[in-house]
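The next block is structure-v7.pdb, given as PDB, C-alpha atoms and all ligand atoms.
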ATOM      1  CA  MET H 187     -25.740 -13.328  -1.919  1.00  0.00           C
ATOM      2  CA  LYS H 188     -24.099 -15.858   0.283  1.00  0.00           C
ATOM      3  CA  ILE H 189     -20.578 -17.322   0.503  1.00  0.00           C
ATOM      4  CA  VAL H 190     -19.859 -21.017   0.900  1.00  0.00           C
ATOM      5  CA  ILE H 191     -16.341 -22.175   1.790  1.00  0.00           C
ATOM      6  CA  LYS H 192     -15.467 -25.715   0.721  1.00  0.00           C
ATOM      7  CA  HIS H 193     -13.211 -26.497   3.673  1.00  0.00           C
ATOM      8  CA  GLU H 194     -12.139 -29.848   2.288  1.00  0.00           C
ATOM      9  CA  GLU H 195     -10.582 -27.977  -0.665  1.00  0.00           C
ATOM     10  CA  CYS H 196      -9.091 -25.001   1.226  1.00  0.00           C
ATOM     11  CA  ASN H 197      -5.316 -25.053   1.734  1.00  0.00           C
ATOM     12  CA  ARG H 198      -5.378 -22.025   4.086  1.00  0.00           C
ATOM     13  CA  CYS H 199      -3.182 -19.938   1.781  1.00  0.00           C
ATOM     14  CA  GLY H 200      -4.835 -16.718   3.009  1.00  0.00           C
ATOM     15  CA  VAL H 201      -5.419 -15.120  -0.405  1.00  0.00           C
ATOM     16  CA  CYS H 202      -9.093 -14.490   0.420  1.00  0.00           C
ATOM     17  CA  VAL H 203      -8.255 -13.011   3.821  1.00  0.00           C
ATOM     18  CA  SER H 204      -5.649 -10.682   2.306  1.00  0.00           C
ATOM     19  CA  PHE H 205      -7.843  -9.608  -0.599  1.00  0.00           C
ATOM     20  CA  CYS H 206     -11.078  -9.033   1.345  1.00  0.00           C
ATOM     21  CA  PRO H 207     -10.585  -8.965   5.135  1.00  0.00           C
ATOM     22  CA  GLU H 208     -13.979  -7.252   5.480  1.00  0.00           C
ATOM     23  CA  VAL H 209     -15.549 -10.644   4.753  1.00  0.00           C
ATOM     24  CA  PHE H 210     -12.967 -13.430   5.168  1.00  0.00           C
ATOM     25  CA  HIS H 211     -10.947 -14.247   8.237  1.00  0.00           C
ATOM     26  CA  PHE H 212      -9.269 -17.166   9.980  1.00  0.00           C
ATOM     27  CA  ASP H 213     -11.051 -18.513  13.031  1.00  0.00           C
ATOM     28  CA  ARG H 214      -9.234 -19.633  16.182  1.00  0.00           C
ATOM     29  CA  LYS H 215      -8.504 -23.013  14.607  1.00  0.00           C
ATOM     30  CA  GLY H 216      -7.014 -21.434  11.481  1.00  0.00           C
ATOM     31  CA  LYS H 217     -10.032 -22.231   9.364  1.00  0.00           C
ATOM     32  CA  VAL H 218     -11.272 -19.648   6.854  1.00  0.00           C
ATOM     33  CA  THR H 219     -14.702 -18.338   7.688  1.00  0.00           C
ATOM     34  CA  VAL H 220     -16.901 -15.399   6.733  1.00  0.00           C
ATOM     35  CA  ARG H 221     -18.219 -12.559   8.845  1.00  0.00           C
ATOM     36  CA  TYR H 222     -21.712 -12.465   7.291  1.00  0.00           C
ATOM     37  CA  TRP H 223     -24.478 -14.974   6.564  1.00  0.00           C
ATOM     38  CA  GLU H 224     -25.640 -12.687   3.822  1.00  0.00           C
ATOM     39  CA  LEU H 225     -23.268 -10.305   2.068  1.00  0.00           C
ATOM     40  CA  PRO H 226     -23.802  -6.575   2.532  1.00  0.00           C
ATOM     41  CA  VAL H 227     -24.276  -4.602  -0.673  1.00  0.00           C
ATOM     42  CA  GLY H 228     -20.932  -3.268  -1.830  1.00  0.00           C
ATOM     43  CA  LEU H 229     -18.886  -6.338  -0.945  1.00  0.00           C
ATOM     44  CA  GLU H 230     -20.385  -8.645  -3.540  1.00  0.00           C
ATOM     45  CA  GLY H 231     -17.961  -7.666  -6.313  1.00  0.00           C
ATOM     46  CA  ASP H 232     -14.932  -8.279  -4.122  1.00  0.00           C
ATOM     47  CA  CYS H 233     -16.279 -11.677  -3.084  1.00  0.00           C
ATOM     48  CA  LYS H 234     -16.877 -12.727  -6.674  1.00  0.00           C
ATOM     49  CA  LYS H 235     -13.296 -11.718  -7.470  1.00  0.00           C
ATOM     50  CA  VAL H 236     -12.009 -13.716  -4.498  1.00  0.00           C
ATOM     51  CA  SER H 237     -13.922 -16.778  -5.663  1.00  0.00           C
ATOM     52  CA  GLU H 238     -12.175 -16.426  -9.029  1.00  0.00           C
ATOM     53  CA  ILE H 239      -8.673 -16.085  -7.623  1.00  0.00           C
ATOM     54  CA  CYS H 240      -8.882 -18.728  -4.899  1.00  0.00           C
ATOM     55  CA  PRO H 241      -6.201 -21.219  -6.016  1.00  0.00           C
ATOM     56  CA  GLN H 242      -8.232 -24.164  -4.739  1.00  0.00           C
ATOM     57  CA  ASP H 243     -11.576 -23.059  -6.167  1.00  0.00           C
ATOM     58  CA  ALA H 244     -12.859 -23.389  -2.612  1.00  0.00           C
ATOM     59  CA  ILE H 245     -15.144 -20.331  -2.519  1.00  0.00           C
ATOM     60  CA  GLU H 246     -18.616 -20.324  -3.937  1.00  0.00           C
ATOM     61  CA  VAL H 247     -20.767 -17.197  -4.243  1.00  0.00           C
ATOM     62  CA  ILE H 248     -24.442 -18.099  -4.281  1.00  0.00           C
ATOM     63  CA  ASN H 249     -27.265 -15.828  -5.359  1.00  0.00           C
ATOM     64  CA  ILE H 250     -30.090 -16.361  -2.858  1.00  0.00           C
ATOM     65  CA  CYS H 251     -32.659 -13.956  -4.370  1.00  0.00           C
TER
HETATM   66  S1  LIG H 301      -8.079 -18.342  -1.019  1.00  0.00           S
HETATM   67 FE1  LIG H 301      -9.147 -20.310  -1.123  1.00  0.00          FE
HETATM   68  S2  LIG H 301      -7.606 -21.833  -0.593  1.00  0.00           S
HETATM   69 FE2  LIG H 301      -6.804 -19.858   0.070  1.00  0.00          FE
HETATM   70  S3  LIG H 301      -7.435 -19.660   2.235  1.00  0.00           S
HETATM   71 FE3  LIG H 301      -9.035 -18.693   0.980  1.00  0.00          FE
HETATM   72  S4  LIG H 301     -10.572 -20.324   0.636  1.00  0.00           S
HETATM   73 FE4  LIG H 301      -8.665 -21.309   1.305  1.00  0.00          FE
END
What's the structure tokens form of this structure?
Ligand code: SF4
Amino acid sequence: MKIVIKHEECNRCGVCVSFCPEVFHFDRKGKVTVRYWELPVGLEGDCKKVSEICPQDAIEVINIC
């Protein structure tokens, strides 16, 4: 699975970073980014939850199998 951030939609509220800091973080410019190209097993559930609770619907979880 892979995460796509729609930066044009993101309002930088930080919900994703607070909920799952293992995957999401702010870069030096304050832009949300992810730590992995492909999600490690065990973090997929948290990322799906984050995509549901993102207030801007700016996170997409893509199945790349
Ligand atoms: S939860 Fe959504 S809107 Fe908020 S910082 Fe993360 S990607 Fe951006």
Determine the residue set returned by the PyMOL selection byres (((not hetatm)) within 9 of (chain H and resi 301)) for the present structure, and present it as a PyMOL selection string. chain H and resi 191-193+195-205+210-212+217-219+236-237+239-245
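Going from atom CA of Ile250 of chain H to atom CA of Glu194 of chain H covers 23.0 Å.
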Quick one: pull the distance between atom CA of Asp213 of chain H and atom CA of Lys188 of chain H, Å, one decimal.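 Between these atoms lies a distance of 18.4 Å.
Atom pair atom CA of Leu229 of chain H / atom CA of Glu208 of chain H has a distance of 8.1 Å (rounded to one decimal).
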Which residue out of H:Val247, H:Met187, H:Leu225, H:Cys233 has the minimum interatomic distance to Cys206 of chain H when all atoms listed in the file are used?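 Checking each of H:Val247, H:Met187, H:Leu225, H:Cys233 against Cys206 of chain H, counting all atoms listed in the file, the winner is H:Cys233.
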